[in-house]
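Trainee: Mind having a look at this structure? Questions to follow.
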Amino acid sequence: MGTTDVKMAELLVSLLREQDPKLIDQIRDLDDDLDELHAKVFEKVLSEKIRVDGPTGVVDATLASRYHERFGDHAVHITKQMNFFLSGELQ
């Protein structure tokens, strides 16, 4: 998830510099990937197949996952603002 967040951040910087609308779709696709990974974290920590250090480990893993996923949500919000800036259209 961290790698995906870093890639999104790089694309956001490029979007702000280059103002290329094609980057918007790439960022949104990465957000979809993050959403899927976030869901998989819950599956993992709630399954019996993974060993987590009790309730604290479960909470830490799910919170870390949530923060990564939330970063993606913020990136998508920026793409919506940039789309409006570039096209004048709300999404």
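Convention: chains lettered A, B, ... in structure tokens order; per-chain residue numbering from 1; ligands numbered from 1 as shown.
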Name the residues of chain A that fall into alpha helix (DSSP H) according to DSSP on the backbone, using the chain letters and numbers of this document, as a ChimeraX atom specification.
Mentor: /A:2-18,22-46,54-87
Trainee: Skipping near chain neighbours, those fewer than 5 positions away, what residues fall within 12 Å of Glu36 in chain A using only C-alpha atoms, listed as an MDAnalysis selection string?
Mentor: chainID A and resid 1 4 29:31 41:43 65:66 68:69 72
Trainee: Take the residues from that selection and write them out as a short mmCIF file (atom, residue, chain, number, x, y, z; two decimals), in the first residue's frame, keeping N, CA and C atoms.
Mentor:
data_model
loop_
_atom_site.label_atom_id
_atom_site.label_comp_id
_atom_site.auth_asym_id
_atom_site.auth_seq_id
_atom_site.Cartn_x
_atom_site.Cartn_y
_atom_site.Cartn_z
N MET A 1 0.82 -1.19 0.00
CA MET A 1 0.00 0.00 0.00
C MET A 1 0.87 1.25 0.00
N THR A 4 2.02 2.04 -3.48
CA THR A 4 0.94 2.63 -4.28
C THR A 4 0.74 4.09 -3.90
N ASP A 29 -7.34 5.00 -10.84
CA ASP A 29 -7.15 3.55 -10.91
C ASP A 29 -6.32 3.05 -9.72
N LEU A 30 -5.31 3.82 -9.35
CA LEU A 30 -4.50 3.44 -8.19
C LEU A 30 -5.32 3.49 -6.91
N ASP A 31 -6.26 4.44 -6.83
CA ASP A 31 -7.14 4.49 -5.65
C ASP A 31 -8.01 3.24 -5.58
N VAL A 41 -6.76 -6.44 3.72
CA VAL A 41 -6.16 -6.39 5.06
C VAL A 41 -7.16 -6.91 6.08
N PHE A 42 -8.42 -6.48 5.97
CA PHE A 42 -9.44 -6.96 6.90
C PHE A 42 -9.61 -8.47 6.80
N GLU A 43 -9.63 -8.98 5.58
CA GLU A 43 -9.76 -10.42 5.39
C GLU A 43 -8.60 -11.15 6.07
N SER A 65 -3.63 0.42 7.39
CA SER A 65 -4.28 0.22 6.11
C SER A 65 -5.26 1.36 5.81
N ARG A 66 -6.01 1.74 6.82
CA ARG A 66 -7.00 2.83 6.64
C ARG A 66 -6.31 4.14 6.28
N HIS A 68 -3.46 4.56 4.72
CA HIS A 68 -3.01 4.47 3.33
C HIS A 68 -4.19 4.66 2.38
N GLU A 69 -5.31 4.01 2.69
CA GLU A 69 -6.49 4.12 1.84
C GLU A 69 -7.02 5.55 1.84
N GLY A 72 -5.29 7.82 -0.54
CA GLY A 72 -5.84 7.67 -1.89
C GLY A 72 -7.10 8.49 -2.09
#
Trainee: Using only C-alpha atoms, which protein or nucleic acid residues come within 12 Å of Gln91 in chain A? Drop anything in the same chain fewer than 4 positions from it, and give the result as a PDB file with N, CA, C and O atoms, in the first residue's frame.
Mentor:
ATOM      1  N   ILE A  24      -5.217  11.909 -14.413  1.00  0.00           N
ATOM      2  CA  ILE A  24      -6.353  11.783 -13.492  1.00  0.00           C
ATOM      3  C   ILE A  24      -6.840  10.339 -13.439  1.00  0.00           C
ATOM      4  O   ILE A  24      -7.056   9.785 -12.355  1.00  0.00           O
ATOM      5  N   VAL A  76      -7.732  11.444  -4.899  1.00  0.00           N
ATOM      6  CA  VAL A  76      -8.879  11.520  -5.810  1.00  0.00           C
ATOM      7  C   VAL A  76      -9.564  12.876  -5.691  1.00  0.00           C
ATOM      8  O   VAL A  76      -9.987  13.462  -6.687  1.00  0.00           O
ATOM      9  N   HIS A  77      -9.656  13.395  -4.488  1.00  0.00           N
ATOM     10  CA  HIS A  77     -10.247  14.719  -4.302  1.00  0.00           C
ATOM     11  C   HIS A  77      -9.451  15.774  -5.080  1.00  0.00           C
ATOM     12  O   HIS A  77     -10.033  16.653  -5.727  1.00  0.00           O
ATOM     13  N   ILE A  78      -8.142  15.666  -5.034  1.00  0.00           N
ATOM     14  CA  ILE A  78      -7.297  16.604  -5.785  1.00  0.00           C
ATOM     15  C   ILE A  78      -7.549  16.455  -7.285  1.00  0.00           C
ATOM     16  O   ILE A  78      -7.625  17.453  -8.006  1.00  0.00           O
ATOM     17  N   THR A  79      -7.737  15.217  -7.758  1.00  0.00           N
ATOM     18  CA  THR A  79      -8.006  15.031  -9.190  1.00  0.00           C
ATOM     19  C   THR A  79      -9.326  15.679  -9.581  1.00  0.00           C
ATOM     20  O   THR A  79      -9.447  16.231 -10.679  1.00  0.00           O
ATOM     21  N   LYS A  80     -10.309  15.636  -8.692  1.00  0.00           N
ATOM     22  CA  LYS A  80     -11.589  16.286  -8.992  1.00  0.00           C
ATOM     23  C   LYS A  80     -11.419  17.799  -9.097  1.00  0.00           C
ATOM     24  O   LYS A  80     -12.005  18.434  -9.985  1.00  0.00           O
ATOM     25  N   GLN A  81     -10.628  18.348  -8.215  1.00  0.00           N
ATOM     26  CA  GLN A  81     -10.368  19.790  -8.262  1.00  0.00           C
ATOM     27  C   GLN A  81      -9.608  20.165  -9.532  1.00  0.00           C
ATOM     28  O   GLN A  81      -9.911  21.177 -10.176  1.00  0.00           O
ATOM     29  N   MET A  82      -8.624  19.343  -9.896  1.00  0.00           N
ATOM     30  CA  MET A  82      -7.850  19.618 -11.109  1.00  0.00           C
ATOM     31  C   MET A  82      -8.713  19.457 -12.357  1.00  0.00           C
ATOM     32  O   MET A  82      -8.588  20.229 -13.309  1.00  0.00           O
ATOM     33  N   ASN A  83      -9.588  18.466 -12.359  1.00  0.00           N
ATOM     34  CA  ASN A  83     -10.484  18.297 -13.494  1.00  0.00           C
ATOM     35  C   ASN A  83     -11.357  19.541 -13.660  1.00  0.00           C
ATOM     36  O   ASN A  83     -11.551  20.023 -14.775  1.00  0.00           O
ATOM     37  N   PHE A  84     -11.871  20.058 -12.562  1.00  0.00           N
ATOM     38  CA  PHE A  84     -12.682  21.278 -12.633  1.00  0.00           C
ATOM     39  C   PHE A  84     -11.839  22.448 -13.133  1.00  0.00           C
ATOM     40  O   PHE A  84     -12.282  23.232 -13.971  1.00  0.00           O
ATOM     41  N   PHE A  85     -10.624  22.558 -12.629  1.00  0.00           N
ATOM     42  CA  PHE A  85      -9.721  23.618 -13.056  1.00  0.00           C
ATOM     43  C   PHE A  85      -9.435  23.544 -14.559  1.00  0.00           C
ATOM     44  O   PHE A  85      -9.427  24.558 -15.252  1.00  0.00           O
ATOM     45  N   SER A  87     -11.219  21.717 -16.966  1.00  0.00           N
ATOM     46  CA  SER A  87     -12.357  21.597 -17.885  1.00  0.00           C
ATOM     47  C   SER A  87     -13.553  22.461 -17.524  1.00  0.00           C
ATOM     48  O   SER A  87     -14.435  22.680 -18.352  1.00  0.00           O
TER      49      SER A  87
END
Trainee: Can you tell me how far CA of Ser47 in chain A sits from CA of Asp33 in chain A, in Å to one decimal?
Mentor: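 A separation of 21.1 Å between them.
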Trainee: Which of these, A:Ile27, A:Leu46, A:Leu90, A:Leu34, has the shortest distance to Tyr67 in chain A once you count only C-alpha atoms?
Mentor: A:Leu34
Trainee: Kindly give the distance, in Å, that separates CA of Lys44 in chain A and CA of His74 in chain A, rounded to a single decimal.
Mentor: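 These atoms are spaced 25.0 Å apart.
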Trainee: Give me, as a PyMOL selection string, all polymer residues having an atom no more than 8 Å from Gln19 in chain A, counting only C-alpha atoms and skipping those fewer than 3 positions away in the same chain.
Mentor: chain A and resi 14-16+82+86
Trainee: Mind pulling up the distance from CA of Met8 in chain A to CA of Arg28 in chain A?
Mentor: 8.9 Å
Trainee: Counting only C-alpha atoms, which residue out of A:Thr3, A:Thr56, A:Thr62, A:Gln26 sits closest to Ala75 in chain A?
Mentor: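 So, comparing all the options, the nearest one is A:Gln26.
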